[in-house]
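start_32.pdb follows (PDB, C-alpha atoms and all ligand atoms):
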```pdb
MODEL        1
ATOM      1  CA  MET A 198      48.116  97.222 126.555
ATOM      2  CA  SER A 199      50.221  98.762 123.756
ATOM      3  CA  ALA A 200      49.188  98.452 120.111
ATOM      4  CA  ARG A 201      50.296  95.324 118.226
ATOM      5  CA  LYS A 202      52.454  95.920 115.168
ATOM      6  CA  VAL A 203      51.031  94.398 112.003
ATOM      7  CA  LEU A 204      53.022  94.314 108.754
ATOM      8  CA  VAL A 205      50.906  93.906 105.596
ATOM      9  CA  LEU A 206      52.832  92.991 102.446
ATOM     10  CA  GLY A 207      50.796  94.675  99.745
ATOM     11  CA  GLY A 208      50.702  95.787  96.149
ATOM     12  CA  THR A 209      47.115  94.649  95.606
ATOM     13  CA  ALA A 210      43.654  96.188  95.938
ATOM     14  CA  GLU A 211      42.873  93.570  98.584
ATOM     15  CA  ALA A 212      45.841  94.616 100.726
ATOM     16  CA  ALA A 213      44.658  98.225 100.681
ATOM     17  CA  ALA A 214      41.102  97.172 101.539
ATOM     18  CA  LEU A 215      42.413  94.967 104.345
ATOM     19  CA  ALA A 216      44.473  97.826 105.813
ATOM     20  CA  ALA A 217      41.413 100.061 105.804
ATOM     21  CA  ARG A 218      39.193  97.392 107.425
ATOM     22  CA  LEU A 219      41.736  96.540 110.118
ATOM     23  CA  LEU A 220      42.114 100.175 111.127
ATOM     24  CA  GLU A 221      38.360 100.662 111.080
ATOM     25  CA  ARG A 222      37.762  97.588 113.305
ATOM     26  CA  ALA A 223      40.730  97.735 115.645
ATOM     27  CA  GLY A 224      42.633 100.947 114.929
ATOM     28  CA  ASP A 225      43.145 101.575 118.655
ATOM     29  CA  ARG A 226      44.882  98.198 119.079
ATOM     30  CA  ILE A 227      46.915  98.060 115.858
ATOM     31  CA  ASP A 228      49.982  99.879 114.610
ATOM     32  CA  LEU A 229      49.757  99.000 110.924
ATOM     33  CA  VAL A 230      52.491  99.230 108.289
ATOM     34  CA  SER A 231      51.786  98.448 104.620
ATOM     35  CA  SER A 232      54.796  97.509 102.518
ATOM     36  CA  PHE A 233      55.198  98.019  98.761
ATOM     37  CA  ALA A 234      57.870  96.855  96.327
ATOM     38  CA  GLY A 235      57.981 100.348  94.816
ATOM     39  CA  ARG A 236      57.429  99.316  91.192
ATOM     40  CA  VAL A 237      54.488 101.633  90.514
ATOM     41  CA  GLU A 238      54.420 105.414  90.216
ATOM     42  CA  GLY A 239      51.560 107.319  91.791
ATOM     43  CA  LEU A 240      50.865 104.808  94.534
ATOM     44  CA  ARG A 241      47.469 105.278  96.161
ATOM     45  CA  PRO A 242      48.522 104.926  99.780
ATOM     46  CA  PRO A 243      46.229 102.930 102.066
ATOM     47  CA  PRO A 244      45.494 104.225 105.562
ATOM     48  CA  GLY A 245      48.169 103.593 108.173
ATOM     49  CA  ARG A 246      51.906 103.868 107.786
ATOM     50  CA  ILE A 247      53.660 102.761 104.608
ATOM     51  CA  ARG A 248      57.172 101.660 103.694
ATOM     52  CA  ILE A 249      58.489 101.227 100.164
ATOM     53  CA  GLY A 250      61.171  98.976  98.637
ATOM     54  CA  GLY A 251      62.530  95.434  98.960
ATOM     55  CA  PHE A 252      63.780  94.103 102.301
ATOM     56  CA  GLY A 253      66.755  92.230 100.877
ATOM     57  CA  GLY A 254      65.413  88.667 100.745
ATOM     58  CA  ALA A 255      64.062  86.535 103.588
ATOM     59  CA  ASP A 256      66.952  87.462 105.894
ATOM     60  CA  GLY A 257      66.342  91.157 105.263
ATOM     61  CA  LEU A 258      62.664  90.765 106.039
ATOM     62  CA  ALA A 259      63.480  88.800 109.206
ATOM     63  CA  ALA A 260      65.828  91.625 110.290
ATOM     64  CA  TYR A 261      63.093  94.187 109.609
ATOM     65  CA  ILE A 262      60.584  92.150 111.647
ATOM     66  CA  ARG A 263      63.019  92.016 114.587
ATOM     67  CA  ASP A 264      64.137  95.666 114.335
ATOM     68  CA  GLU A 265      60.571  96.962 114.100
ATOM     69  CA  ALA A 266      59.232  94.469 116.674
ATOM     70  CA  ILE A 267      56.515  93.281 114.261
ATOM     71  CA  ASP A 268      53.948  91.043 115.991
ATOM     72  CA  LEU A 269      51.938  89.769 113.011
ATOM     73  CA  LEU A 270      52.723  89.376 109.315
ATOM     74  CA  VAL A 271      50.028  89.354 106.626
ATOM     75  CA  ASP A 272      51.154  88.437 103.120
ATOM     76  CA  SER A 273      48.592  90.047 100.834
ATOM     77  CA  THR A 274      50.785  90.250  97.745
ATOM     78  CA  HIS A 275      49.601  89.272  94.264
ATOM     79  CA  PRO A 276      49.233  85.504  93.685
ATOM     80  CA  PHE A 277      52.070  85.716  91.130
ATOM     81  CA  ALA A 278      54.433  87.502  93.559
ATOM     82  CA  ASP A 279      55.771  84.109  94.628
ATOM     83  CA  ARG A 280      59.274  85.291  95.555
ATOM     84  CA  MET A 281      57.923  87.721  98.123
ATOM     85  CA  SER A 282      55.541  85.083  99.495
ATOM     86  CA  ARG A 283      58.377  82.577  99.869
ATOM     87  CA  ASN A 284      60.483  85.209 101.637
ATOM     88  CA  ALA A 285      57.557  85.962 103.954
ATOM     89  CA  ARG A 286      57.225  82.296 104.929
ATOM     90  CA  GLU A 287      60.963  81.930 105.505
ATOM     91  CA  ALA A 288      61.164  85.175 107.509
ATOM     92  CA  ALA A 289      58.212  84.082 109.661
ATOM     93  CA  ASP A 290      59.970  80.749 110.297
ATOM     94  CA  LEU A 291      63.174  82.573 111.245
ATOM     95  CA  THR A 292      61.493  84.994 113.645
ATOM     96  CA  GLY A 293      58.558  82.967 114.965
ATOM     97  CA  VAL A 294      56.129  85.745 113.975
ATOM     98  CA  PRO A 295      52.653  84.403 113.031
ATOM     99  CA  ARG A 296      52.021  84.762 109.292
ATOM    100  CA  LEU A 297      48.821  84.748 107.287
ATOM    101  CA  LEU A 298      48.587  84.366 103.520
ATOM    102  CA  PHE A 299      45.682  86.228 101.961
ATOM    103  CA  TRP A 300      45.004  84.099  98.856
ATOM    104  CA  ARG A 301      42.725  85.946  96.492
ATOM    105  CA  PRO A 302      40.254  83.368  95.097
ATOM    106  CA  PRO A 303      40.927  82.334  91.498
ATOM    107  CA  TRP A 304      38.372  83.173  88.819
ATOM    108  CA  PRO A 305      35.906  80.335  88.278
ATOM    109  CA  ARG A 306      35.945  78.899  84.785
ATOM    110  CA  HIS A 307      32.632  79.450  82.972
ATOM    111  CA  PRO A 308      31.487  76.674  80.571
ATOM    112  CA  LEU A 309      31.719  79.138  77.660
ATOM    113  CA  ASP A 310      35.243  80.292  78.507
ATOM    114  CA  ARG A 311      37.772  79.238  75.870
ATOM    115  CA  TRP A 312      40.809  79.053  78.132
ATOM    116  CA  ILE A 313      44.068  77.457  77.134
ATOM    117  CA  GLU A 314      45.708  76.923  80.521
ATOM    118  CA  VAL A 315      49.502  76.912  80.620
ATOM    119  CA  ASP A 316      52.262  76.861  83.213
ATOM    120  CA  GLY A 317      54.347  79.998  82.952
ATOM    121  CA  ILE A 318      54.863  82.896  80.586
ATOM    122  CA  ASP A 319      57.177  80.950  78.234
ATOM    123  CA  ALA A 320      54.426  78.375  77.744
ATOM    124  CA  ALA A 321      51.952  81.194  77.055
ATOM    125  CA  ALA A 322      54.187  82.533  74.280
ATOM    126  CA  HIS A 323      54.505  79.013  72.887
ATOM    127  CA  ALA A 324      50.706  78.496  72.906
ATOM    128  CA  LEU A 325      50.258  81.672  70.851
ATOM    129  CA  ARG A 326      52.019  80.066  67.901
ATOM    130  CA  HIS A 327      48.774  78.301  67.061
ATOM    131  CA  LEU A 328      46.402  81.178  67.810
ATOM    132  CA  GLY A 329      45.445  84.612  66.450
ATOM    133  CA  ARG A 330      47.668  87.346  65.021
ATOM    134  CA  ARG A 331      46.283  90.267  67.045
ATOM    135  CA  VAL A 332      47.128  89.574  70.666
ATOM    136  CA  TRP A 333      46.185  91.432  73.811
ATOM    137  CA  LEU A 334      48.883  90.843  76.426
ATOM    138  CA  THR A 335      47.613  91.559  79.946
ATOM    139  CA  VAL A 336      50.476  90.051  81.909
ATOM    140  CA  GLY A 337      52.084  93.263  83.158
ATOM    141  CA  GLY A 338      55.046  95.069  81.710
ATOM    142  CA  THR A 339      57.959  93.099  83.108
ATOM    143  CA  GLU A 340      57.434  89.690  81.526
ATOM    144  CA  LEU A 341      57.169  90.476  77.832
ATOM    145  CA  ALA A 342      60.510  89.089  76.625
ATOM    146  CA  PRO A 343      59.218  85.579  75.785
ATOM    147  CA  PHE A 344      56.803  87.157  73.265
ATOM    148  CA  ALA A 345      59.558  88.941  71.343
ATOM    149  CA  ALA A 346      60.216  85.815  69.255
ATOM    150  CA  LEU A 347      56.698  86.079  67.778
ATOM    151  CA  ALA A 348      57.765  88.637  65.202
ATOM    152  CA  ASP A 349      54.723  88.176  62.939
ATOM    153  CA  ARG A 350      52.205  89.197  65.626
ATOM    154  CA  TRP A 351      50.787  92.526  66.649
ATOM    155  CA  PHE A 352      50.446  93.048  70.388
ATOM    156  CA  LEU A 353      48.315  95.323  72.497
ATOM    157  CA  VAL A 354      50.079  95.775  75.839
ATOM    158  CA  ARG A 355      48.334  97.364  78.817
ATOM    159  CA  VAL A 356      50.572  98.495  81.642
ATOM    160  CA  ILE A 357      50.187 100.766  84.663
ATOM    161  CA  ASP A 358      53.122 102.985  83.770
ATOM    162  CA  ALA A 359      54.144 102.970  80.088
ATOM    163  CA  ALA A 360      57.222 105.140  80.582
ATOM    164  CA  ARG A 361      58.752 102.520  82.868
ATOM    165  CA  THR A 362      58.274  99.531  80.618
ATOM    166  CA  PRO A 363      59.160  99.999  76.929
ATOM    167  CA  PRO A 364      58.241  96.573  75.532
ATOM    168  CA  PRO A 365      60.764  94.412  73.651
ATOM    169  CA  LEU A 366      58.186  93.717  70.914
ATOM    170  CA  ALA A 367      58.592  94.573  67.227
ATOM    171  CA  ASP A 368      54.986  95.508  66.523
ATOM    172  CA  CYS A 369      52.871  96.678  69.412
ATOM    173  CA  THR A 370      50.693  99.403  70.871
ATOM    174  CA  VAL A 371      51.096 100.251  74.548
ATOM    175  CA  ILE A 372      48.250 101.688  76.559
ATOM    176  CA  GLU A 373      48.202 102.734  80.181
ATOM    177  CA  GLY A 374      45.477 101.595  82.523
ATOM    178  CA  ARG A 375      44.924 100.924  86.180
ATOM    179  CA  GLY A 376      41.998  98.795  87.354
ATOM    180  CA  PRO A 377      39.264  98.365  88.167
ATOM    181  CA  PHE A 378      38.166  98.029  84.530
ATOM    182  CA  THR A 379      34.549  97.914  83.403
ATOM    183  CA  LEU A 380      33.014  95.396  81.027
ATOM    184  CA  GLU A 381      32.100  98.259  78.644
ATOM    185  CA  ASN A 382      35.715  99.377  78.583
ATOM    186  CA  GLU A 383      37.062  95.897  77.865
ATOM    187  CA  ARG A 384      34.430  95.171  75.192
ATOM    188  CA  ALA A 385      35.285  98.422  73.427
ATOM    189  CA  LEU A 386      38.978  97.678  73.600
ATOM    190  CA  LEU A 387      38.555  94.203  72.077
ATOM    191  CA  ARG A 388      36.467  95.657  69.252
ATOM    192  CA  TYR A 389      38.578  98.735  68.535
ATOM    193  CA  HIS A 390      41.835  96.778  68.342
ATOM    194  CA  ARG A 391      40.249  93.764  66.588
ATOM    195  CA  ILE A 392      41.753  91.430  69.188
ATOM    196  CA  GLU A 393      41.871  87.737  68.263
ATOM    197  CA  VAL A 394      43.394  86.261  71.417
ATOM    198  CA  VAL A 395      43.969  87.416  75.007
ATOM    199  CA  VAL A 396      46.830  86.410  77.309
ATOM    200  CA  SER A 397      46.190  86.713  81.036
ATOM    201  CA  LYS A 398      47.543  85.513  84.334
ATOM    202  CA  ALA A 399      45.022  83.622  86.479
ATOM    203  CA  SER A 400      45.169  86.523  88.899
ATOM    204  CA  GLY A 401      41.644  86.384  90.281
ATOM    205  CA  GLY A 402      40.046  89.443  91.835
ATOM    206  CA  ALA A 403      37.262  91.697  90.664
ATOM    207  CA  ALA A 404      39.364  94.563  89.337
ATOM    208  CA  THR A 405      40.569  92.775  86.188
ATOM    209  CA  TYR A 406      37.828  90.179  85.664
ATOM    210  CA  ALA A 407      35.945  92.202  83.027
ATOM    211  CA  LYS A 408      38.468  91.304  80.306
ATOM    212  CA  ILE A 409      37.706  87.607  80.913
ATOM    213  CA  GLU A 410      33.971  88.265  80.585
ATOM    214  CA  ALA A 411      34.484  90.372  77.463
ATOM    215  CA  ALA A 412      36.608  87.648  75.851
ATOM    216  CA  ARG A 413      33.907  85.071  76.659
ATOM    217  CA  GLU A 414      31.217  87.265  75.109
ATOM    218  CA  ALA A 415      33.316  87.704  71.977
ATOM    219  CA  ASP A 416      34.100  83.956  71.883
ATOM    220  CA  LEU A 417      37.830  84.656  71.972
ATOM    221  CA  PRO A 418      40.471  82.242  73.245
ATOM    222  CA  VAL A 419      42.309  83.255  76.415
ATOM    223  CA  VAL A 420      45.759  81.864  77.120
ATOM    224  CA  MET A 421      45.562  81.616  80.915
ATOM    225  CA  VAL A 422      48.786  81.349  82.878
ATOM    226  CA  ARG A 423      48.189  79.133  85.927
ATOM    227  CA  ARG A 424      49.143  80.406  89.373
ATOM    228  CA  PRO A 425      52.173  79.278  91.278
ATOM    229  CA  LEU A 426      51.274  77.080  94.266
ATOM    230  CA  PRO A 427      50.544  79.013  97.467
ATOM    231  CA  GLU A 428      52.984  78.861 100.365
ATOM    232  CA  PRO A 429      51.892  76.457 103.110
ATOM    233  CA  GLY A 430      50.531  77.766 106.408
ATOM    234  CA  ASP A 431      47.529  79.798 107.549
ATOM    235  CA  ARG A 432      45.557  80.965 104.521
ATOM    236  CA  VAL A 433      42.304  82.855 103.954
ATOM    237  CA  GLU A 434      40.443  83.953 100.836
ATOM    238  CA  SER A 435      38.335  86.821 102.154
ATOM    239  CA  ILE A 436      39.008  90.125 103.825
ATOM    240  CA  ASP A 437      36.555  89.207 106.611
ATOM    241  CA  ASP A 438      38.558  86.076 107.396
ATOM    242  CA  ALA A 439      41.834  88.022 107.288
ATOM    243  CA  VAL A 440      40.434  90.597 109.730
ATOM    244  CA  ALA A 441      39.235  87.766 112.000
ATOM    245  CA  TRP A 442      42.699  86.114 111.911
ATOM    246  CA  VAL A 443      44.392  89.379 112.947
ATOM    247  CA  THR A 444      41.893  90.456 115.584
ATOM    248  CA  ALA A 445      41.971  86.997 117.218
ATOM    249  CA  ARG A 446      45.679  87.584 117.836
ATOM    250  CA  LEU A 447      45.553  91.093 119.307
TER     251      LEU A 447
HETATM  252  N1  LIG B   1      53.396  89.643  89.733
HETATM  253  C1  LIG B   1      52.278  90.257  89.359
HETATM  254  O1  LIG B   1      51.640  89.864  88.360
HETATM  255  C2  LIG B   1      51.751  91.419  90.148
HETATM  256  C3  LIG B   1      50.545  92.012  89.744
HETATM  257  C4  LIG B   1      50.015  93.088  90.485
HETATM  258  C5  LIG B   1      50.700  93.540  91.589
HETATM  259  N2  LIG B   1      51.882  92.933  91.970
HETATM  260  C6  LIG B   1      52.570  93.452  93.165
HETATM  261  O2  LIG B   1      53.791  93.997  92.731
HETATM  262  C7  LIG B   1      54.831  93.704  93.651
HETATM  263  C8  LIG B   1      55.999  93.068  92.915
HETATM  264  O3  LIG B   1      55.542  91.874  92.290
HETATM  265  P1  LIG B   1      56.579  90.793  91.775
HETATM  266  O4  LIG B   1      55.826  89.777  91.014
HETATM  267  O5  LIG B   1      57.777  91.465  91.175
HETATM  268  O6  LIG B   1      57.015  90.143  93.172
HETATM  269  P2  LIG B   1      58.117  89.037  93.481
HETATM  270  O7  LIG B   1      58.793  88.597  92.239
HETATM  271  O8  LIG B   1      57.520  88.016  94.348
HETATM  272  O9  LIG B   1      59.105  89.888  94.383
HETATM  273  C9  LIG B   1      60.352  90.359  93.931
HETATM  274  C10 LIG B   1      60.975  91.186  95.019
HETATM  275  O10 LIG B   1      60.290  92.444  95.148
HETATM  276  C11 LIG B   1      60.260  92.821  96.509
HETATM  277  N3  LIG B   1      58.851  92.918  96.934
HETATM  278  C12 LIG B   1      57.763  92.342  96.376
HETATM  279  N4  LIG B   1      56.642  92.696  97.008
HETATM  280  C13 LIG B   1      57.019  93.515  98.003
HETATM  281  C14 LIG B   1      56.326  94.219  99.014
HETATM  282  N5  LIG B   1      54.979  94.158  99.106
HETATM  283  N6  LIG B   1      57.051  94.981  99.892
HETATM  284  C15 LIG B   1      58.397  95.062  99.799
HETATM  285  N7  LIG B   1      59.117  94.424  98.844
HETATM  286  C16 LIG B   1      58.433  93.664  97.964
HETATM  287  C17 LIG B   1      61.024  91.781  97.283
HETATM  288  O11 LIG B   1      62.381  92.215  97.314
HETATM  289  P3  LIG B   1      63.393  91.777  98.482
HETATM  290  O12 LIG B   1      63.737  90.345  98.223
HETATM  291  O13 LIG B   1      64.536  92.721  98.337
HETATM  292  O14 LIG B   1      62.653  91.951  99.787
HETATM  293  C18 LIG B   1      60.876  90.557  96.404
HETATM  294  O15 LIG B   1      61.878  89.570  96.596
HETATM  295  C19 LIG B   1      54.234  92.793  94.716
HETATM  296  O16 LIG B   1      54.090  93.559  95.899
HETATM  297  C20 LIG B   1      52.899  92.361  94.170
HETATM  298  O17 LIG B   1      51.908  92.283  95.184
HETATM  299  C21 LIG B   1      52.418  91.892  91.269
ENDMDL
END
```

Would you give me this structure, written as structure tokens?
Amino acid sequence: MSARKVLVLGGTAEAAALAARLLERAGDRIDLVSSFAGRVEGLRPPPGRIRIGGFGGADGLAAYIRDEAIDLLVDSTHPFADRMSRNAREAADLTGVPRLLFWRPPWPRHPLDRWIEVDGIDAAAHALRHLGRRVWLTVGGTELAPFAALADRWFLVRVIDAARTPPPLADCTVIEGRGPFTLENERALLRYHRIEVVVSKASGGAATYAKIEAAREADLPVVMVRRPLPEPGDRVESIDDAVAWVTARL
């Protein structure tokens, strides 16, 4: 029997780990393609084939699935990449290709966490009006505009590629960093920059959890942007379960 074509929509550490595990377990039965939006320089390519760039909406993805004769679709994008996830669901509906959503588990809230949970980046900027003056923004580089109105604040902005994302903020320091981050690193950063409040997306995942622990230790408030709702359909929260879903369909 010929290999089954599996398309993994990636851009996360979990997608790369899943690609590696699938090829390790069933490499002789899978022709695997990992897809990336192409927003990040210096991509660390996972094993298997890769493709880079948008598909052109749900219709474009459906056309790709048909043209490439994709058998299985695994959406392992970031929990905040909701446009891509919606496109994946619509494209799967259009083509009849089975789709799995890998839904990275959210971080559990510790009793000592001082989270202010909000819906959306605009609400996060609004919440900051009542909080500290030295703000660490860890929401990526593309969603900083709502914070520009807070002209009396100083911001620390950590992005993967500083050259790509000059921030629209009057008073800020930009640092580059790519996870995973250690607790020691995040503690030192909070101390060195005298951070008073942290803004984070409720991304989940181990690679960026240390900042949440460091903020808890330092008794700092964290403005936590809630996740968008997941797309309906088959969903797993672990790489083992994602591997089982794929291998059951080979
Ligand atoms: N949002 C975050 O906080 C975050 C954090 C870490 C990593 N990421 C990763 O960065 C990428 C972009 O995130 P986003 O929030 O901008 O996504 P998004 O708003 O959901 O997607 C915007 C557009 O980017 C293209 N795209 C996204 N992921 C793609 C993929 N894996 N392969 C091919 N095209 C893709 C699609 O273009 P077309 O409509 O033209 O197909 C999509 O409509 C995602 O792959 C995500 O996993 C996002």

* Asked: Can you tell me, as a VMD selection string, what residues are no more than 6 Å from range 415-430 of chain A when counting all atoms listed in the file, ignoring any on the same chain fewer than 3 positions away?
  -> chain A and resid 311 to 317 394 to 399 412

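Residues in contact range of Ala411 in chain A, defined as at most 7 Å between only C-alpha atoms, with sequence neighbours fewer than 2 positions away removed, read Leu380, Glu383, Arg384, Ala407, Lys408, Ile409, Arg413, Glu414 and Ala415 of chain A.
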
* Asked: Counting all atoms listed in the file, which of A:Leu204, A:Ile392, A:Ala404, A:Leu229 gets nearest to Tyr261 in chain A?
  ->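 Among the listed residues, A:Leu204 lies closest to Tyr261 in chain A.
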
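Counting all atoms listed in the file, the residue from A:Leu240, A:Ala342, A:Ala403, A:Val332 that sits nearest to Arg391 in chain A is A:Val332.
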
* To do: Go ahead and compute the interatomic distance for CA of Val443 in chain A and atom O14 of ligand LIG 1 (chain B), in Å to one decimal.
  =>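 Those two atoms sit 22.7 Å apart.
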
Using 9 Å as the limit and counting all atoms listed in the file, can you tabulate each residue of chain A that touches ligand LIG 1 (chain B), with its shortest atom-to-atom distance in Å and the two atoms involved, as a Markdown table?
```
| residue | atom | partner | partner_atom | distance |
| --- | --- | --- | --- | --- |
| A:Val205 | CA | B:LIG1 | N5 | 7.7 |
| A:Leu206 | CA | B:LIG1 | N5 | 4.1 |
| A:Gly207 | CA | B:LIG1 | N5 | 4.3 |
| A:Gly208 | CA | B:LIG1 | O17 | 3.8 |
| A:Thr209 | CA | B:LIG1 | O17 | 5.4 |
| A:Ala210 | CA | B:LIG1 | C5 | 8.7 |
| A:Ala212 | CA | B:LIG1 | O17 | 8.5 |
| A:Ser231 | CA | B:LIG1 | N5 | 7.7 |
| A:Ser232 | CA | B:LIG1 | N6 | 4.3 |
| A:Phe233 | CA | B:LIG1 | N6 | 3.7 |
| A:Ala234 | CA | B:LIG1 | C16 | 3.6 |
| A:Gly235 | CA | B:LIG1 | N7 | 7.3 |
| A:Arg236 | CA | B:LIG1 | O2 | 6.6 |
| A:Val237 | CA | B:LIG1 | O2 | 8.0 |
| A:Arg248 | CA | B:LIG1 | N6 | 7.7 |
| A:Ile249 | CA | B:LIG1 | C15 | 6.2 |
| A:Gly250 | CA | B:LIG1 | C15 | 4.9 |
| A:Gly251 | CA | B:LIG1 | O13 | 3.4 |
| A:Phe252 | CA | B:LIG1 | O14 | 3.5 |
| A:Gly253 | CA | B:LIG1 | O13 | 3.4 |
| A:Gly254 | CA | B:LIG1 | O12 | 3.5 |
| A:Ala255 | CA | B:LIG1 | O12 | 6.6 |
| A:Asp256 | CA | B:LIG1 | O14 | 8.7 |
| A:Gly257 | CA | B:LIG1 | O14 | 6.7 |
| A:Leu258 | CA | B:LIG1 | O14 | 6.4 |
| A:Asp272 | CA | B:LIG1 | N5 | 8.0 |
| A:Ser273 | CA | B:LIG1 | O17 | 6.9 |
| A:Thr274 | CA | B:LIG1 | O17 | 3.5 |
| A:His275 | CA | B:LIG1 | O17 | 3.9 |
| A:Pro276 | CA | B:LIG1 | N1 | 7.1 |
| A:Phe277 | CA | B:LIG1 | N1 | 4.4 |
| A:Ala278 | CA | B:LIG1 | O8 | 3.2 |
| A:Asp279 | CA | B:LIG1 | O8 | 4.3 |
| A:Arg280 | CA | B:LIG1 | O8 | 3.5 |
| A:Met281 | CA | B:LIG1 | O8 | 3.8 |
| A:Ser282 | CA | B:LIG1 | O8 | 6.2 |
| A:Arg283 | CA | B:LIG1 | O8 | 7.8 |
| A:Asn284 | CA | B:LIG1 | O15 | 6.8 |
| A:Ala285 | CA | B:LIG1 | O14 | 8.9 |
| A:Val336 | CA | B:LIG1 | O1 | 6.6 |
| A:Gly337 | CA | B:LIG1 | O1 | 6.2 |
| A:Thr339 | CA | B:LIG1 | O5 | 8.2 |
| A:Glu340 | CA | B:LIG1 | O1 | 9.0 |
| A:Lys398 | CA | B:LIG1 | O1 | 7.2 |
| A:Ser400 | CA | B:LIG1 | O1 | 7.3 |
```

Let me know the centre plus edge lengths, in Å and rounded to one decimal, of a box with edges along x, y and z that contains all listed atoms of range 395-403 of chain A and is padded by 6 Å on every side, as lines of an AutoDock Vina configuration file.
```
center_x = 42.4
center_y = 87.7
center_z = 83.4
size_x = 22.3
size_y = 20.1
size_z = 28.8
```

* To do: Considering all atoms listed in the file, state which residue in the set A:Ala322, A:Val433, A:Ile372, A:Leu298 is at the smallest distance from Arg350 in chain A.
  => A:Ala322

* Structure fact -> From the list A:Pro377, A:Pro343, A:Pro295, A:Gly338, the nearest residue to Tyr406 in chain A using all atoms listed in the file is A:Pro377

* To do: Can you turn the PyMOL selection byres (((chain A and resi 217) around 12) and not hetatm) into a concrete residue list for this file, as an MDAnalysis selection string?
  => chainID A and resid 205 210:216 218:224 227 229:231 242:246 436:437 440

May I ask you to restore N, CA and C atoms in range 286-303 of chain A and write the result as a PDB file, keeping the file's coordinate frame?
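Result written to selection-v5.pdb:
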```pdb
ATOM      1  N   ARG A 286      57.300  83.555 104.160  1.00  0.00           N
ATOM      2  CA  ARG A 286      57.225  82.296 104.929  1.00  0.00           C
ATOM      3  C   ARG A 286      58.550  82.030 105.633  1.00  0.00           C
ATOM      4  N   GLU A 287      59.655  82.219 104.896  1.00  0.00           N
ATOM      5  CA  GLU A 287      60.963  81.930 105.505  1.00  0.00           C
ATOM      6  C   GLU A 287      61.251  82.897 106.658  1.00  0.00           C
ATOM      7  N   ALA A 288      60.901  84.176 106.461  1.00  0.00           N
ATOM      8  CA  ALA A 288      61.164  85.175 107.509  1.00  0.00           C
ATOM      9  C   ALA A 288      60.311  84.888 108.743  1.00  0.00           C
ATOM     10  N   ALA A 289      59.080  84.431 108.528  1.00  0.00           N
ATOM     11  CA  ALA A 289      58.212  84.082 109.661  1.00  0.00           C
ATOM     12  C   ALA A 289      58.802  82.884 110.400  1.00  0.00           C
ATOM     13  N   ASP A 290      59.332  81.912 109.655  1.00  0.00           N
ATOM     14  CA  ASP A 290      59.970  80.749 110.297  1.00  0.00           C
ATOM     15  C   ASP A 290      61.188  81.193 111.111  1.00  0.00           C
ATOM     16  N   LEU A 291      61.948  82.120 110.558  1.00  0.00           N
ATOM     17  CA  LEU A 291      63.174  82.573 111.245  1.00  0.00           C
ATOM     18  C   LEU A 291      62.872  83.354 112.526  1.00  0.00           C
ATOM     19  N   THR A 292      61.775  84.093 112.517  1.00  0.00           N
ATOM     20  CA  THR A 292      61.493  84.994 113.645  1.00  0.00           C
ATOM     21  C   THR A 292      60.426  84.465 114.596  1.00  0.00           C
ATOM     22  N   GLY A 293      59.649  83.478 114.133  1.00  0.00           N
ATOM     23  CA  GLY A 293      58.558  82.967 114.965  1.00  0.00           C
ATOM     24  C   GLY A 293      57.320  83.852 114.945  1.00  0.00           C
ATOM     25  N   VAL A 294      57.292  84.852 114.055  1.00  0.00           N
ATOM     26  CA  VAL A 294      56.129  85.745 113.975  1.00  0.00           C
ATOM     27  C   VAL A 294      54.996  85.033 113.214  1.00  0.00           C
ATOM     28  N   PRO A 295      53.765  85.033 113.755  1.00  0.00           N
ATOM     29  CA  PRO A 295      52.653  84.403 113.031  1.00  0.00           C
ATOM     30  C   PRO A 295      52.435  85.078 111.671  1.00  0.00           C
ATOM     31  N   ARG A 296      52.182  84.244 110.661  1.00  0.00           N
ATOM     32  CA  ARG A 296      52.021  84.762 109.292  1.00  0.00           C
ATOM     33  C   ARG A 296      50.724  84.244 108.698  1.00  0.00           C
ATOM     34  N   LEU A 297      50.042  85.128 108.012  1.00  0.00           N
ATOM     35  CA  LEU A 297      48.821  84.748 107.287  1.00  0.00           C
ATOM     36  C   LEU A 297      49.035  85.037 105.804  1.00  0.00           C
ATOM     37  N   LEU A 298      48.593  84.101 104.962  1.00  0.00           N
ATOM     38  CA  LEU A 298      48.587  84.366 103.520  1.00  0.00           C
ATOM     39  C   LEU A 298      47.154  84.691 103.094  1.00  0.00           C
ATOM     40  N   PHE A 299      46.980  85.898 102.558  1.00  0.00           N
ATOM     41  CA  PHE A 299      45.682  86.228 101.961  1.00  0.00           C
ATOM     42  C   PHE A 299      45.740  85.761 100.509  1.00  0.00           C
ATOM     43  N   TRP A 300      44.952  84.752 100.182  1.00  0.00           N
ATOM     44  CA  TRP A 300      45.004  84.099  98.856  1.00  0.00           C
ATOM     45  C   TRP A 300      43.734  84.465  98.115  1.00  0.00           C
ATOM     46  N   ARG A 301      43.859  85.464  97.279  1.00  0.00           N
ATOM     47  CA  ARG A 301      42.725  85.946  96.492  1.00  0.00           C
ATOM     48  C   ARG A 301      42.134  84.780  95.694  1.00  0.00           C
ATOM     49  N   PRO A 302      40.813  84.537  95.797  1.00  0.00           N
ATOM     50  CA  PRO A 302      40.254  83.368  95.097  1.00  0.00           C
ATOM     51  C   PRO A 302      40.467  83.455  93.589  1.00  0.00           C
ATOM     52  N   PRO A 303      40.769  82.323  92.957  1.00  0.00           N
ATOM     53  CA  PRO A 303      40.927  82.334  91.498  1.00  0.00           C
ATOM     54  C   PRO A 303      39.583  82.577  90.819  1.00  0.00           C
TER      55      PRO A 303
END
```
